[in-house]
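This is input_23.txt. It holds compact mmCIF, N, CA and C atoms.
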```txt
# COMPACT_ATOMS: atom_id res chain seq x y z
N MET D 195 34.24 11.50 -22.67
CA MET D 195 32.82 11.41 -22.94
C MET D 195 32.55 10.54 -24.17
N GLU D 196 33.44 10.65 -25.11
CA GLU D 196 33.28 9.89 -26.34
C GLU D 196 33.52 8.40 -26.07
N LYS D 197 34.41 8.08 -25.15
CA LYS D 197 34.68 6.68 -24.82
C LYS D 197 33.45 6.04 -24.15
N ILE D 198 32.82 6.79 -23.30
CA ILE D 198 31.62 6.29 -22.62
C ILE D 198 30.52 6.05 -23.65
N HIS D 199 30.35 6.99 -24.55
CA HIS D 199 29.33 6.86 -25.58
C HIS D 199 29.61 5.63 -26.45
N TYR D 200 30.86 5.43 -26.81
CA TYR D 200 31.24 4.29 -27.63
C TYR D 200 30.99 2.98 -26.88
N PHE D 201 31.36 2.94 -25.59
CA PHE D 201 31.17 1.74 -24.78
C PHE D 201 29.67 1.41 -24.67
N LEU D 202 28.85 2.41 -24.36
CA LEU D 202 27.42 2.17 -24.23
C LEU D 202 26.79 1.77 -25.56
N GLU D 203 27.26 2.36 -26.63
CA GLU D 203 26.73 2.01 -27.95
C GLU D 203 27.09 0.58 -28.32
N LYS D 204 28.28 0.14 -27.94
CA LYS D 204 28.73 -1.19 -28.30
C LYS D 204 28.11 -2.28 -27.42
N TYR D 205 27.93 -2.00 -26.12
CA TYR D 205 27.50 -3.03 -25.18
C TYR D 205 26.12 -2.78 -24.57
N TYR D 206 25.27 -2.00 -25.21
CA TYR D 206 23.99 -1.66 -24.60
C TYR D 206 23.10 -2.89 -24.46
N ARG D 207 23.17 -3.82 -25.40
CA ARG D 207 22.34 -5.03 -25.30
C ARG D 207 22.80 -5.89 -24.13
N LEU D 208 24.07 -6.00 -23.93
CA LEU D 208 24.61 -6.78 -22.82
C LEU D 208 24.22 -6.12 -21.48
N ILE D 209 24.33 -4.81 -21.41
CA ILE D 209 23.97 -4.08 -20.19
C ILE D 209 22.48 -4.25 -19.90
N LEU D 210 21.63 -4.10 -20.92
CA LEU D 210 20.20 -4.28 -20.72
C LEU D 210 19.86 -5.72 -20.33
N GLY D 211 20.55 -6.68 -20.93
CA GLY D 211 20.33 -8.09 -20.59
C GLY D 211 20.67 -8.37 -19.14
N ILE D 212 21.81 -7.84 -18.68
CA ILE D 212 22.20 -8.02 -17.28
C ILE D 212 21.21 -7.33 -16.35
N PHE D 213 20.78 -6.14 -16.74
CA PHE D 213 19.81 -5.39 -15.92
C PHE D 213 18.49 -6.17 -15.80
N PHE D 214 17.97 -6.68 -16.92
CA PHE D 214 16.73 -7.44 -16.87
C PHE D 214 16.90 -8.76 -16.13
N ALA D 215 18.06 -9.39 -16.25
CA ALA D 215 18.31 -10.63 -15.50
C ALA D 215 18.32 -10.35 -14.00
N LEU D 216 18.92 -9.24 -13.59
CA LEU D 216 18.92 -8.88 -12.17
C LEU D 216 17.50 -8.57 -11.69
N LEU D 217 16.70 -7.92 -12.52
CA LEU D 217 15.31 -7.64 -12.15
C LEU D 217 14.50 -8.92 -12.01
N ILE D 218 14.72 -9.87 -12.90
CA ILE D 218 14.02 -11.15 -12.81
C ILE D 218 14.44 -11.90 -11.55
N CYS D 219 15.73 -11.88 -11.23
CA CYS D 219 16.19 -12.53 -9.99
C CYS D 219 15.58 -11.87 -8.76
N LEU D 220 15.49 -10.56 -8.77
CA LEU D 220 14.88 -9.85 -7.65
C LEU D 220 13.40 -10.21 -7.53
N ASN D 221 12.69 -10.28 -8.65
CA ASN D 221 11.28 -10.68 -8.62
C ASN D 221 11.10 -12.10 -8.12
N MET D 222 12.01 -13.01 -8.51
CA MET D 222 11.93 -14.38 -8.03
C MET D 222 12.17 -14.44 -6.53
N LEU D 223 13.08 -13.65 -6.03
CA LEU D 223 13.35 -13.61 -4.59
C LEU D 223 12.14 -13.08 -3.83
N ILE D 224 11.53 -12.03 -4.33
CA ILE D 224 10.35 -11.47 -3.68
C ILE D 224 9.21 -12.48 -3.71
N TYR D 225 8.99 -13.15 -4.83
CA TYR D 225 7.95 -14.16 -4.94
C TYR D 225 8.22 -15.30 -3.96
N TYR D 226 9.45 -15.75 -3.88
CA TYR D 226 9.80 -16.85 -2.99
C TYR D 226 9.53 -16.47 -1.54
N GLN D 227 9.92 -15.26 -1.17
CA GLN D 227 9.81 -14.86 0.23
C GLN D 227 8.37 -14.56 0.63
N PHE D 228 7.60 -13.90 -0.21
CA PHE D 228 6.30 -13.42 0.19
C PHE D 228 5.13 -14.24 -0.32
N VAL D 229 5.36 -15.17 -1.24
CA VAL D 229 4.26 -16.00 -1.74
C VAL D 229 4.53 -17.46 -1.45
N TYR D 230 5.64 -18.00 -1.93
CA TYR D 230 5.91 -19.43 -1.81
C TYR D 230 6.06 -19.86 -0.36
N LEU D 231 6.86 -19.15 0.41
CA LEU D 231 7.07 -19.54 1.81
C LEU D 231 5.80 -19.39 2.63
N VAL D 232 4.99 -18.39 2.32
CA VAL D 232 3.74 -18.20 3.06
C VAL D 232 2.76 -19.32 2.73
N MET D 233 2.70 -19.74 1.48
CA MET D 233 1.79 -20.82 1.11
C MET D 233 2.29 -22.16 1.64
N LYS D 234 3.59 -22.34 1.72
CA LYS D 234 4.16 -23.60 2.17
C LYS D 234 4.00 -23.79 3.67
N ALA D 235 4.21 -22.75 4.44
CA ALA D 235 4.15 -22.84 5.90
C ALA D 235 2.72 -22.60 6.36
N ARG D 236 1.97 -23.66 6.51
CA ARG D 236 0.59 -23.56 6.99
C ARG D 236 0.58 -23.92 8.47
N PRO D 237 0.07 -23.04 9.30
CA PRO D 237 0.06 -23.32 10.73
C PRO D 237 -0.94 -24.42 11.08
N ASP D 238 -0.63 -25.15 12.12
CA ASP D 238 -1.55 -26.18 12.59
C ASP D 238 -2.72 -25.51 13.29
N LEU D 239 -3.91 -25.96 12.97
CA LEU D 239 -5.10 -25.40 13.58
C LEU D 239 -5.34 -26.08 14.92
N THR D 240 -5.49 -25.27 15.93
CA THR D 240 -5.78 -25.80 17.26
C THR D 240 -7.14 -25.27 17.69
N SER D 241 -7.90 -26.12 18.28
CA SER D 241 -9.23 -25.70 18.72
C SER D 241 -9.22 -25.60 20.25
N GLU D 242 -8.73 -24.49 20.73
CA GLU D 242 -8.73 -24.24 22.16
C GLU D 242 -9.94 -23.41 22.52
N GLU D 243 -10.49 -23.69 23.68
CA GLU D 243 -11.66 -22.96 24.12
C GLU D 243 -11.22 -21.58 24.61
N VAL D 244 -11.93 -20.59 24.15
CA VAL D 244 -11.62 -19.21 24.53
C VAL D 244 -12.40 -18.88 25.80
N THR D 245 -11.68 -18.44 26.80
CA THR D 245 -12.34 -18.06 28.05
C THR D 245 -12.24 -16.55 28.20
N ILE D 246 -13.32 -15.97 28.67
CA ILE D 246 -13.38 -14.52 28.85
C ILE D 246 -13.51 -14.24 30.34
N ASP D 247 -12.65 -13.39 30.82
CA ASP D 247 -12.71 -12.98 32.21
C ASP D 247 -13.89 -12.02 32.37
N GLN D 248 -14.90 -12.46 33.09
CA GLN D 248 -16.13 -11.68 33.21
C GLN D 248 -15.91 -10.35 33.93
N GLU D 249 -14.99 -10.33 34.88
CA GLU D 249 -14.73 -9.09 35.63
C GLU D 249 -14.14 -8.02 34.71
N ASN D 250 -13.13 -8.41 33.92
CA ASN D 250 -12.52 -7.45 32.99
C ASN D 250 -13.49 -7.06 31.88
N LEU D 251 -14.31 -8.00 31.42
CA LEU D 251 -15.30 -7.69 30.40
C LEU D 251 -16.30 -6.67 30.93
N GLY D 252 -16.73 -6.84 32.17
CA GLY D 252 -17.65 -5.89 32.78
C GLY D 252 -17.04 -4.50 32.88
N LYS D 253 -15.75 -4.44 33.26
CA LYS D 253 -15.07 -3.14 33.34
C LYS D 253 -15.00 -2.46 31.98
N VAL D 254 -14.67 -3.23 30.95
CA VAL D 254 -14.56 -2.66 29.61
C VAL D 254 -15.92 -2.17 29.13
N LEU D 255 -16.96 -2.96 29.35
CA LEU D 255 -18.29 -2.55 28.90
C LEU D 255 -18.78 -1.33 29.68
N ASP D 256 -18.49 -1.25 30.98
CA ASP D 256 -18.85 -0.06 31.76
C ASP D 256 -18.12 1.17 31.25
N ASN D 257 -16.85 0.99 30.90
CA ASN D 257 -16.05 2.11 30.37
C ASN D 257 -16.64 2.58 29.04
N LEU D 258 -17.04 1.64 28.17
CA LEU D 258 -17.64 2.01 26.89
C LEU D 258 -18.97 2.74 27.09
N ASP D 259 -19.78 2.25 28.04
CA ASP D 259 -21.06 2.94 28.33
C ASP D 259 -20.82 4.35 28.83
N GLN D 260 -19.83 4.51 29.70
CA GLN D 260 -19.51 5.84 30.24
C GLN D 260 -19.04 6.76 29.12
N ARG D 261 -18.22 6.27 28.24
CA ARG D 261 -17.75 7.09 27.12
C ARG D 261 -18.90 7.48 26.20
N GLN D 262 -19.82 6.55 25.97
CA GLN D 262 -20.97 6.85 25.12
C GLN D 262 -21.85 7.93 25.76
N GLU D 263 -22.06 7.83 27.07
CA GLU D 263 -22.84 8.85 27.77
C GLU D 263 -22.15 10.21 27.70
N ASN D 264 -20.83 10.23 27.88
CA ASN D 264 -20.08 11.50 27.79
C ASN D 264 -20.19 12.09 26.39
N LEU D 265 -20.11 11.26 25.40
CA LEU D 265 -20.22 11.75 24.03
C LEU D 265 -21.60 12.34 23.76
N LYS D 266 -22.65 11.66 24.22
CA LYS D 266 -24.01 12.18 24.03
C LYS D 266 -24.18 13.51 24.77
N ARG D 267 -23.64 13.59 25.99
CA ARG D 267 -23.76 14.81 26.77
C ARG D 267 -23.03 15.97 26.08
N ILE D 268 -21.87 15.70 25.52
CA ILE D 268 -21.10 16.75 24.84
C ILE D 268 -21.79 17.16 23.53
N GLU D 269 -22.35 16.19 22.81
CA GLU D 269 -23.01 16.52 21.55
C GLU D 269 -24.25 17.37 21.75
N HIS D 270 -24.96 17.17 22.86
CA HIS D 270 -26.21 17.89 23.09
C HIS D 270 -26.03 19.13 23.97
N ALA D 271 -24.81 19.42 24.36
CA ALA D 271 -24.58 20.60 25.19
C ALA D 271 -24.68 21.85 24.32
N SER D 272 -25.23 22.90 24.89
CA SER D 272 -25.32 24.16 24.15
C SER D 272 -24.38 25.16 24.82
N TYR D 273 -23.49 25.68 24.05
CA TYR D 273 -22.51 26.62 24.55
C TYR D 273 -22.89 28.03 24.12
N PRO D 274 -22.65 29.03 24.99
CA PRO D 274 -22.97 30.41 24.60
C PRO D 274 -22.04 30.88 23.49
N ASP D 275 -22.55 31.77 22.65
CA ASP D 275 -21.77 32.32 21.56
C ASP D 275 -20.79 33.34 22.12
N PRO D 276 -19.48 33.11 22.00
CA PRO D 276 -18.50 34.03 22.59
C PRO D 276 -18.37 35.35 21.84
N PHE D 277 -18.95 35.44 20.65
CA PHE D 277 -18.80 36.66 19.84
C PHE D 277 -20.00 37.58 19.95
N ARG D 278 -20.91 37.35 20.85
CA ARG D 278 -22.06 38.25 21.04
C ARG D 278 -21.83 39.19 22.14
```

Encoded form using structure tokens:
Amino acid sequence: MEKIHYFLEKYYRLILGIFFALLICLNMLIYYQFVYLVMKARPDLTSEEVTIDQENLGKVLDNLDQRQENLKRIEHASYPDPFR
């Protein structure tokens, strides 16, 4: 135990320096991967016309209307009190 204490007392600045250097390298890697590469790789903008399938759109809108009607019906339903 005394040897460990002596070693840490003698080389604590070197250990802290290595630790901080590793942290800085890790931060640089994270910055490179999540900031620099994202800013560098800009996708080409394409202006393609968006087409909507009217049949599927009608089905989706009918489904939404049906769900809305069901929700209104459930919200306004009156249920008997089971504890009376």

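Taking atom N of Val254 (chain D) and atom N of Arg267 (chain D) as endpoints, the distance between them is 19.7 Å.
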
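Atom pair atom C of Gln227 (chain D) / atom N of Ala215 (chain D): separated by 20.1 Å.
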
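Atom to atom, atom N of Ser241 (chain D) and atom N of Val229 (chain D) stand 26.0 Å apart.
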
For the alpha helix (DSSP H) assignment from backbone DSSP, which residues of chain D qualify? Please present them as a PyMOL selection string. chain D and resi 196-225+231-234+248-269

If I wrap all listed atoms of region 199-206 of chain D in a box with edges along x, y and z and add 5 Å on each side, what are its centre and edge lengths in Å to one decimal, as AutoDock Vina command-line options?
```
--center_x 27.2 --center_y 2.0 --center_z -26.3 --size_x 18.3 --size_y 20.0 --size_z 14.1
```
